[in-house]
Amino acid sequence: MATLKKDIVVIGGGPAGYIAAIKAARLGAEVLLAEELQVGGTCLNRGCIPTKFYAQSAHTILELSQAESRGIEVRDPQVSMNMKKALAGKNKTVKKLTAGVRSLLKHAGVVVENQRAHLTEGKIVQLADGTIVEAGAVILATGSLSSQIPIEGIESPLVMDSDQFLDLDYVPKRIAVIGGGVIGIEFASIFQAFGSAVTVVEAQPSILPMFDSQAIEITAAALKKRGITIYTDAAVKKITTQNDEAEVHLTDGTTITVDVILLAVGRISNLSCIDDKSKIEVERGRVLTDDTGMTSEPGVYAAGDITGRKLLAHAAYQMGETVAHNACVDTRIVTDAKKKFDLDIVPSVVYSIPEVASVGLSENEAAKKYETVVGKFPLSANGRALSGGETEGFVKVVAEKKYGQILGVCCVGMYASEVINEAALAMRHELTVYEVAETIHGHPTISEAFMEAASSCIGQCYHMM
Amino acid sequence: MAESIIMPKTGMAMEEGVIIEWLKKEGDQIKEGDIIAQIETDKSTMDLESDLSGTLLKLVYPEGTTVPVTLPIAWIGKKGDAIPENTETSSSVESVEAVESVGEKAATEQIPHTSQAAASTGKIPSTPAAKRVASEKGIDLATVTPSGKRGEILEKDVLASAPRITPLAARMAEDRQVDISQISGSGHAGKIFSRDLANTVPVADTRVPLTNIQKITGKRMLESVLSIPTVSEDIKADMTRLLELKQSIFEESGVKASVNDFIIKAAAIALKKHPRMNSVFDTDALIFKNEVHIGMAVATERGLLVPVLRNADSFTLSALSEKTKEIIQKARDSKLSPDELTGSTFSISNVGMYGITSFTPIINPPEAGILGVCAIEKLPRFVNGSLVERSIMTLSLSFDHRVVDGAESAQFLQTLVNLLENPLQLLV
């Protein structure tokens with residue numbers, strides 16, 4: 001059986017894995033990356049990117065419905081979704097991006113093995129074809145998979161996870177989404193626009209419970225206005241399937257009859273890269289690491305969703321880069337101190353329509369730790385939002401009172417996903433509300449609302465009474 | 001008037017330089033920009049240019065001398081100009097030691113003067129823009145590393161030497177009056193972040209006013225320690241039989257007496273037998289207390305309380321147990337009457353529940369002693385020649401040596417141990 005020696009072996013080619021491989025290779029390591037499927041991971045193939053392709057389609061449909069108010073007269077007002085074409089378009093975009101990642105890896109000199117791999121013992125990795133690779137350091141980055149929950153009838157072919165949903169070549173008439181988190185709400189928003197009748201079932205008192213409650217009120221109201229039914233505090237008792245119809249039975253007796261069910265109850269670490277015999281410590285299904293990303297096995301690192309730290313591609317990038325550096329320190333490819341994961345300020349975004357985005361502490365969390373001031377600027381007073389016809393929403397800045405440190409920012413509405421990055425930049429580099437308030441922002445832009453909210457924290461907002 | 005050329009400070013870390021070679025001699029005509037000496041720093045050798053024109057009046061130090069930065073090393077002026085006196089003395093050839101002592105003196109007295117003079121007369125070569133930025137930002141030009149062709153400080157040198165700090169950290173540093181030049185930043189290129197200030201100001205201590213009980217307790221403890229010649233003695237008691245008896249009593253009568261109850265009972269009996277332990281020292285006499293009132297130290301949220309069990313020797317074990325439970329609860333609920341808090345003749349402090357195995361309790365004045373009760377440990381002991389597990393407890397007695405001598409206190413402890421090891425006596 002073939003035995004190879006490599007400085008660093010990366011298992012998994014998603015955002016954590018491919019960034020780790022590129023970084024390590026650029027630092028001078030001989031790197032082998034094993035990926036069973038396409039490189040790019042969940043994000044490029046089954047997550048962020050494909051859903052954003054569809055979200056844009058959904059956005060366009062909703063804009064078309066407003067076209068007349070903008071003086072656009074569409075002669076044939078019939079708007080319908082050709083899902084086959086949308087699927088092809090989405091796949092083309094995905095292909096383009098994964099090809100881009102492949103060429104980045106190739107250019108960096110990373111050897112990519114298109115097969116499954118797992119850690120056997122120590123720092124020895126076995127590929128599916130039997131090849132043994134002895135590594136100086138190993139990076140586990142096999143990401144996460146959709147969670148399942150034990151509900152009677154869950155095995156029905158009409159129950160799908162987000163992976164399967166993204167490959168639908170038709171628009172289901174009626175959809176039930178179990179789970180009102182980020183994934184569930186994005187799909188609900190998209191498929192409602194595509195023409196599905198959508199019902200969301202969420203066990204918590206509110207959808208998107210991790211976000212600012214005022215932001216969620218606006219989002220929930222907008223989704224309901226578009227015709228999405230939302231059940232909160234609702235538990236699914238069982239699912240029954242008959243022919244091409246499924247019924248979701250809630251514990252309160254409500255029955256929802258649909259054609260397809262999307263199960264979006266969160267994600268669990270994919271531990272396929274670890275042997276049962278492996279000594280890697282796992283807690284609650286997640287690979288335990290210290291802040292340098294090292295697992296319980298010296299020289300074996302983990303990055304991205306597999307660590308269960310922050311299940312976001314952009315957090316995975318940061319973790320991938322960190323562990324690549326640290327693995328190169330271990331293997332003496334670079335002489336430097338080890339770095340730690342730096343995940344304090346990580347924006348999160350929901351591409352619902354309207355979008356919701358936040359970074360840092362929520363208003364309530366912040367108030368528990370600091371004496372806070374809150375500045376909130378409504379998009380109904382923002383020129384860009386008004387001219388764009390999307391006046392629902394706001395930017396909220398939560399700041400520490402004494403020094404004006406920005407503790408958290410939440411945006412809801414037009415371009416929230418973009419505005420949040422300015423907030424993250426300010427927070428990461430310790431600009432306070434004072435500096436944000438005195439920074440001239442382009443006019444008219446949605447980002448101005450961030451400046452206005454910051455100004456309002458210090459009582460200097462001129463566009464609000 | 002003669003003006004000085006100083007030992008330049010070419011880097012933040014530079015504290016002194018060595019005059020390798022004088023390239024001009026006294027009496028030479030110097031033009032601005034002429035190289036007058038070679039200077040060695042800890043990093044490199046450099047040419048020292050004169051920023052003045054005139055006659056070289058004085059070379060202050062001989063070649064090979066180490067001189068602290070910013071001290072005058074040469075004087076330039078018109079022939080006949082007076083040279084300030086304090087440098088006159090160090091102008092002769094001196095040993096390294098002597099130079100160093102000048103340096104030390106200078107460090108305390110001269111440097112501020114010299115650098116001030118240099119700044120005000122602009123003797124540190126710098127561009128006007130550099131001067132302006134330095135004054136705007138409050139940066140001392142003497143701390144700036146020059147990069148100009150002739151060693152002059154440029155605007156960019158001043159900007160580069162400005163401490164890099166985030167706005168938040170700057171605001172915090174100002175508020176806390178932290179000297180940021182002393183802080184090394186953890187950000188890119190040494191930028192100071194708020195986290196770098198974390199250790200500069202100790203987190204403020206919390207001041208909690210004492211409760212009345214704590215004030216009185218503190219005063220009495222201090223009085224005890226300062227006025228009573230206290231001795232402490234430890235003794236071990238085998239509690240195995242007592243624990244068995246305690247269990248039997250519970251099983252047979254339902255009375256749930258604690259180990260503490262047995263000890264109070266035993267102490268009361270022992271005090272009756274050794275009355276000096278139950279007496280009070282009163283300057284020229286001993287006052288024997290004919291009643292045994294035992295104080296029990298109880299920790300409460302408001303401080304240490306010592307409720308008193310009056311005539312402890314008169315109670316049966318079950319009655320004593322009930323009474324102590326009652327007064328301890330009252331102490332915790334702050335419901336003790338003054339009567340229940342005063343008049344004890346001897347005290348007991350039990351820390352056994354915390355696993356303590358020995359301590360030196362402080363006497364509760366004016367009493368003669370206090371019994372400290374420690375944890376019961378399972379320990380190996382020889383009984384009739386074989387090693388067995390026994391439950392062993394330490395008793396720590398502190399006593400007033402004016403009242404009791406070491407032998408008497410030991411006899412008291414022996415009586416006590418005998419009672420505890422043969423516990424049926426406590427039920428009689």
# chains A, B, ... in the order shown; residues from 1 in each chain; ligands from 1
$ residues_around --residues "stretch 283-298 of chain B" --least-positions-apart "5" --cutoff "10 Å" --atoms "only C-alpha atoms" --output "PyMOL selection string"
chain B and resi 260+264-265+267-269+271-272+275-278+303-314+324+327-329+331-332+340-351+364+367+370-372+402-403
$ interface_residues --of "chain B" --to "chain A" --cutoff "6 Å" --atoms "only C-alpha atoms" --output "VMD selection string"
chain B and resid 166 to 168
$ atom_distance --atom1 "atom CA of A:Ala108" --atom2 "atom CA of A:Val39"
14.6 Å
$ closest_atom_pairs --of "stretch 285-400 of chain A" --to "stretch 28-31 of chain A" --cutoff "12 Å" --atoms "only C-alpha atoms" --output "Markdown table"
| residue | atom | partner | partner_atom | distance |
| --- | --- | --- | --- | --- |
| A:Ala324 | CA | A:Ala29 | CA | 9.5 |
| A:His325 | CA | A:Ala29 | CA | 10.2 |
| A:Asn326 | CA | A:Ala29 | CA | 11.9 |
| A:Ala327 | CA | A:Ala29 | CA | 9.4 |
| A:Cys328 | CA | A:Ala29 | CA | 7.0 |
| A:Val329 | CA | A:Ala29 | CA | 10.5 |
| A:Asp330 | CA | A:Ala29 | CA | 11.3 |
| A:Thr331 | CA | A:Ala29 | CA | 8.6 |
| A:Arg332 | CA | A:Ala29 | CA | 9.5 |
| A:Ile333 | CA | A:Ala29 | CA | 6.5 |
| A:Val334 | CA | A:Gly28 | CA | 8.3 |
| A:Thr335 | CA | A:Gly28 | CA | 12.0 |
$ residues_around --residues "A:Pro378" --least-positions-apart "4" --cutoff "7 Å" --atoms "only C-alpha atoms" --output "PyMOL selection string"
chain A and resi 393-395
$ closest_residue --among "B:Gln425, B:Gln214, B:Asn199, B:Ser135" --to "B:Thr300" --atoms "only C-alpha atoms"
B:Gln214
$ atom_distance --atom1 "atom CA of A:Gly17" --atom2 "atom CA of A:Gly320"
6.1 Å
$ closest_residue --among "B:Asp196, B:Asp157, B:Thr217, B:Gly151" --to "B:Met172" --atoms "only C-alpha atoms"
B:Asp196
$ atom_distance --atom1 "atom CA of A:Glu36" --atom2 "atom CA of A:Ser146"
17.3 Å
$ closest_residue --among "B:Lys215, B:His401, B:Arg390, B:Lys25" --to "B:Ile228" --atoms "only C-alpha atoms"
B:His401
$ select_by_dssp --residues "stretch 66-210 of chain A" --states "alpha helix (DSSP H)" --output "tab-separated table (two decimals) with N, CA, C and O atoms, in the first residue's frame"
chain	number	residue	atom	x	y	z
A	83	MET	N	-38.11	26.79	-12.67
A	83	MET	CA	-37.14	26.28	-11.70
A	83	MET	C	-36.00	25.53	-12.37
A	83	MET	O	-34.88	25.50	-11.86
A	84	LYS	N	-36.31	24.91	-13.52
A	84	LYS	CA	-35.23	24.18	-14.22
A	84	LYS	C	-34.14	25.14	-14.65
A	84	LYS	O	-32.95	24.87	-14.51
A	85	LYS	N	-34.57	26.30	-15.18
A	85	LYS	CA	-33.59	27.30	-15.62
A	85	LYS	C	-32.86	27.90	-14.42
A	85	LYS	O	-31.65	28.15	-14.47
A	86	ALA	N	-33.63	28.13	-13.35
A	86	ALA	CA	-33.00	28.69	-12.14
A	86	ALA	C	-31.95	27.74	-11.60
A	86	ALA	O	-30.84	28.14	-11.23
A	87	LEU	N	-32.30	26.43	-11.60
A	87	LEU	CA	-31.38	25.41	-11.11
A	87	LEU	C	-30.10	25.40	-11.95
A	87	LEU	O	-28.98	25.35	-11.42
A	88	ALA	N	-30.30	25.47	-13.26
A	88	ALA	CA	-29.14	25.46	-14.16
A	88	ALA	C	-28.27	26.71	-13.91
A	88	ALA	O	-27.05	26.62	-13.87
A	89	GLY	N	-28.94	27.82	-13.75
A	89	GLY	CA	-28.20	29.07	-13.49
A	89	GLY	C	-27.43	28.99	-12.19
A	89	GLY	O	-26.27	29.40	-12.11
A	90	LYS	N	-28.09	28.47	-11.17
A	90	LYS	CA	-27.44	28.32	-9.87
A	90	LYS	C	-26.23	27.40	-9.98
A	90	LYS	O	-25.13	27.71	-9.50
A	91	ASN	N	-26.45	26.27	-10.67
A	91	ASN	CA	-25.34	25.30	-10.80
A	91	ASN	C	-24.16	25.90	-11.56
A	91	ASN	O	-23.01	25.61	-11.26
A	92	LYS	N	-24.48	26.73	-12.54
A	92	LYS	CA	-23.41	27.36	-13.32
A	92	LYS	C	-22.57	28.28	-12.43
A	92	LYS	O	-21.34	28.28	-12.49
A	93	THR	N	-23.27	29.05	-11.58
A	93	THR	CA	-22.57	29.95	-10.67
A	93	THR	C	-21.69	29.15	-9.70
A	93	THR	O	-20.53	29.50	-9.45
A	94	VAL	N	-22.28	28.08	-9.17
A	94	VAL	CA	-21.54	27.24	-8.23
A	94	VAL	C	-20.30	26.68	-8.90
A	94	VAL	O	-19.20	26.69	-8.34
A	95	LYS	N	-20.49	26.20	-10.14
A	95	LYS	CA	-19.39	25.58	-10.88
A	95	LYS	C	-18.25	26.58	-11.09
A	95	LYS	O	-17.08	26.26	-10.93
A	96	LYS	N	-18.66	27.79	-11.43
A	96	LYS	CA	-17.66	28.82	-11.67
A	96	LYS	C	-16.83	29.08	-10.41
A	96	LYS	O	-15.61	29.19	-10.46
A	97	LEU	N	-17.53	29.15	-9.29
A	97	LEU	CA	-16.82	29.43	-8.03
A	97	LEU	C	-15.95	28.26	-7.57
A	97	LEU	O	-14.83	28.45	-7.12
A	98	THR	N	-16.49	27.04	-7.72
A	98	THR	CA	-15.68	25.89	-7.28
A	98	THR	C	-14.46	25.74	-8.19
A	98	THR	O	-13.38	25.37	-7.73
A	99	ALA	N	-14.66	26.04	-9.48
A	99	ALA	CA	-13.50	25.99	-10.40
A	99	ALA	C	-12.47	27.02	-9.96
A	99	ALA	O	-11.27	26.77	-10.01
A	100	GLY	N	-12.96	28.16	-9.50
A	100	GLY	CA	-12.05	29.20	-9.00
A	100	GLY	C	-11.25	28.71	-7.81
A	100	GLY	O	-10.04	28.91	-7.74
A	101	VAL	N	-11.92	28.02	-6.88
A	101	VAL	CA	-11.22	27.50	-5.71
A	101	VAL	C	-10.21	26.44	-6.13
A	101	VAL	O	-9.07	26.43	-5.65
A	102	ARG	N	-10.62	25.58	-7.07
A	102	ARG	CA	-9.68	24.55	-7.55
A	102	ARG	C	-8.42	25.18	-8.13
A	102	ARG	O	-7.31	24.74	-7.89
A	103	SER	N	-8.61	26.26	-8.89
A	103	SER	CA	-7.43	26.85	-9.51
A	103	SER	C	-6.57	27.58	-8.47
A	103	SER	O	-5.35	27.60	-8.58
A	104	LEU	N	-7.22	28.15	-7.45
A	104	LEU	CA	-6.44	28.76	-6.37
A	104	LEU	C	-5.58	27.70	-5.67
A	104	LEU	O	-4.40	27.92	-5.38
A	105	LEU	N	-6.19	26.54	-5.42
A	105	LEU	CA	-5.46	25.45	-4.75
A	105	LEU	C	-4.30	24.99	-5.62
A	105	LEU	O	-3.19	24.78	-5.14
A	106	LYS	N	-4.60	24.85	-6.90
A	106	LYS	CA	-3.57	24.36	-7.82
A	106	LYS	C	-2.42	25.36	-7.88
A	106	LYS	O	-1.24	24.99	-7.80
A	107	HIS	N	-2.78	26.61	-7.98
A	107	HIS	CA	-1.78	27.66	-8.10
A	107	HIS	C	-0.89	27.70	-6.87
A	107	HIS	O	0.31	27.97	-6.95
A	108	ALA	N	-1.50	27.41	-5.69
A	108	ALA	CA	-0.72	27.44	-4.45
A	108	ALA	C	0.15	26.20	-4.31
A	108	ALA	O	0.99	26.12	-3.42
A	162	SER	N	-31.82	20.90	3.37
A	162	SER	CA	-31.54	22.04	2.49
A	162	SER	C	-30.75	21.61	1.25
A	162	SER	O	-30.94	22.17	0.17
A	163	ASP	N	-29.90	20.57	1.38
A	163	ASP	CA	-29.15	20.09	0.21
A	163	ASP	C	-30.11	19.65	-0.89
A	163	ASP	O	-29.97	20.03	-2.05
A	164	GLN	N	-31.09	18.83	-0.48
A	164	GLN	CA	-32.04	18.30	-1.47
A	164	GLN	C	-32.91	19.43	-2.03
A	164	GLN	O	-33.23	19.45	-3.21
A	165	PHE	N	-33.25	20.38	-1.16
A	165	PHE	CA	-34.13	21.47	-1.59
A	165	PHE	C	-33.49	22.31	-2.68
A	165	PHE	O	-34.15	22.79	-3.58
A	182	VAL	N	-31.90	30.66	10.59
A	182	VAL	CA	-31.41	31.36	9.40
A	182	VAL	C	-31.76	30.59	8.12
A	182	VAL	O	-32.31	31.14	7.17
A	183	ILE	N	-31.46	29.28	8.12
A	183	ILE	CA	-31.68	28.49	6.90
A	183	ILE	C	-33.17	28.42	6.58
A	183	ILE	O	-33.59	28.68	5.44
A	184	GLY	N	-33.96	28.11	7.58
A	184	GLY	CA	-35.40	27.97	7.36
A	184	GLY	C	-36.03	29.24	6.83
A	184	GLY	O	-36.83	29.22	5.89
A	185	ILE	N	-35.64	30.37	7.41
A	185	ILE	CA	-36.25	31.65	7.01
A	185	ILE	C	-35.80	32.06	5.62
A	185	ILE	O	-36.59	32.58	4.81
A	186	GLU	N	-34.53	31.81	5.28
A	186	GLU	CA	-34.08	32.14	3.93
A	186	GLU	C	-34.87	31.34	2.89
A	186	GLU	O	-35.36	31.89	1.90
A	187	PHE	N	-35.01	30.05	3.12
A	187	PHE	CA	-35.75	29.22	2.17
A	187	PHE	C	-37.21	29.64	2.11
A	187	PHE	O	-37.82	29.68	1.04
A	188	ALA	N	-37.80	29.94	3.28
A	188	ALA	CA	-39.20	30.35	3.30
A	188	ALA	C	-39.39	31.61	2.47
A	188	ALA	O	-40.31	31.71	1.64
A	189	SER	N	-38.47	32.58	2.67
A	189	SER	CA	-38.58	33.85	1.95
A	189	SER	C	-38.43	33.63	0.44
A	189	SER	O	-39.17	34.18	-0.36
A	190	ILE	N	-37.45	32.81	0.08
A	190	ILE	CA	-37.18	32.56	-1.34
A	190	ILE	C	-38.36	31.85	-2.01
A	190	ILE	O	-38.88	32.30	-3.04
A	191	PHE	N	-38.79	30.74	-1.40
A	191	PHE	CA	-39.81	29.95	-2.09
A	191	PHE	C	-41.18	30.60	-2.06
A	191	PHE	O	-42.00	30.37	-2.96
A	192	GLN	N	-41.45	31.45	-1.09
A	192	GLN	CA	-42.70	32.22	-1.14
A	192	GLN	C	-42.68	33.10	-2.38
A	192	GLN	O	-43.66	33.17	-3.11
A	193	ALA	N	-41.53	33.76	-2.62
A	193	ALA	CA	-41.44	34.62	-3.80
A	193	ALA	C	-41.57	33.81	-5.08
A	193	ALA	O	-42.12	34.27	-6.07
A	194	PHE	N	-41.07	32.57	-5.04
A	194	PHE	CA	-41.14	31.71	-6.22
A	194	PHE	C	-42.57	31.22	-6.48
A	194	PHE	O	-42.85	30.65	-7.51
$ select_by_dssp --residues "stretch 223-425 of chain A" --states "strand (DSSP E)" --output "ChimeraX atom specification"
/A:229-231,236-242,245-250,255-258,260-263,267-269,282-283,286-287,300-302,348-350,356-360,372-378,394-400,406-412
$ closest_residue --among "A:Thr391, A:Gln318, A:Ser144, A:Ser296" --to "A:Pro354" --atoms "only C-alpha atoms"
A:Thr391
$ closest_residue --among "A:Leu288, A:Ile139, A:Ile274, A:Ile124" --to "A:Lys5" --atoms "only C-alpha atoms"
A:Ile124
$ residues_around --residues "A:Ala234" --least-positions-apart "6" --cutoff "7 Å" --atoms "only C-alpha atoms" --output "PyMOL selection string"
chain A and resi 201-203+250
$ closest_residue --among "B:Gly27, B:Gly148, B:Gly190, B:Gly80" --to "B:Ala2" --atoms "only C-alpha atoms"
B:Gly80
$ residues_around --residues "B:Ser398" --least-positions-apart "2" --cutoff "8 Å" --atoms "only C-alpha atoms" --output "PyMOL selection string"
chain B and resi 230-233+360-363+369-372+396+400
$ residues_around --residues "A:Cys273" --least-positions-apart "6" --cutoff "8 Å" --atoms "only C-alpha atoms" --output "list in words"
Ile11, Ala117, His118, Leu119, Leu140 and Thr142 of chain A
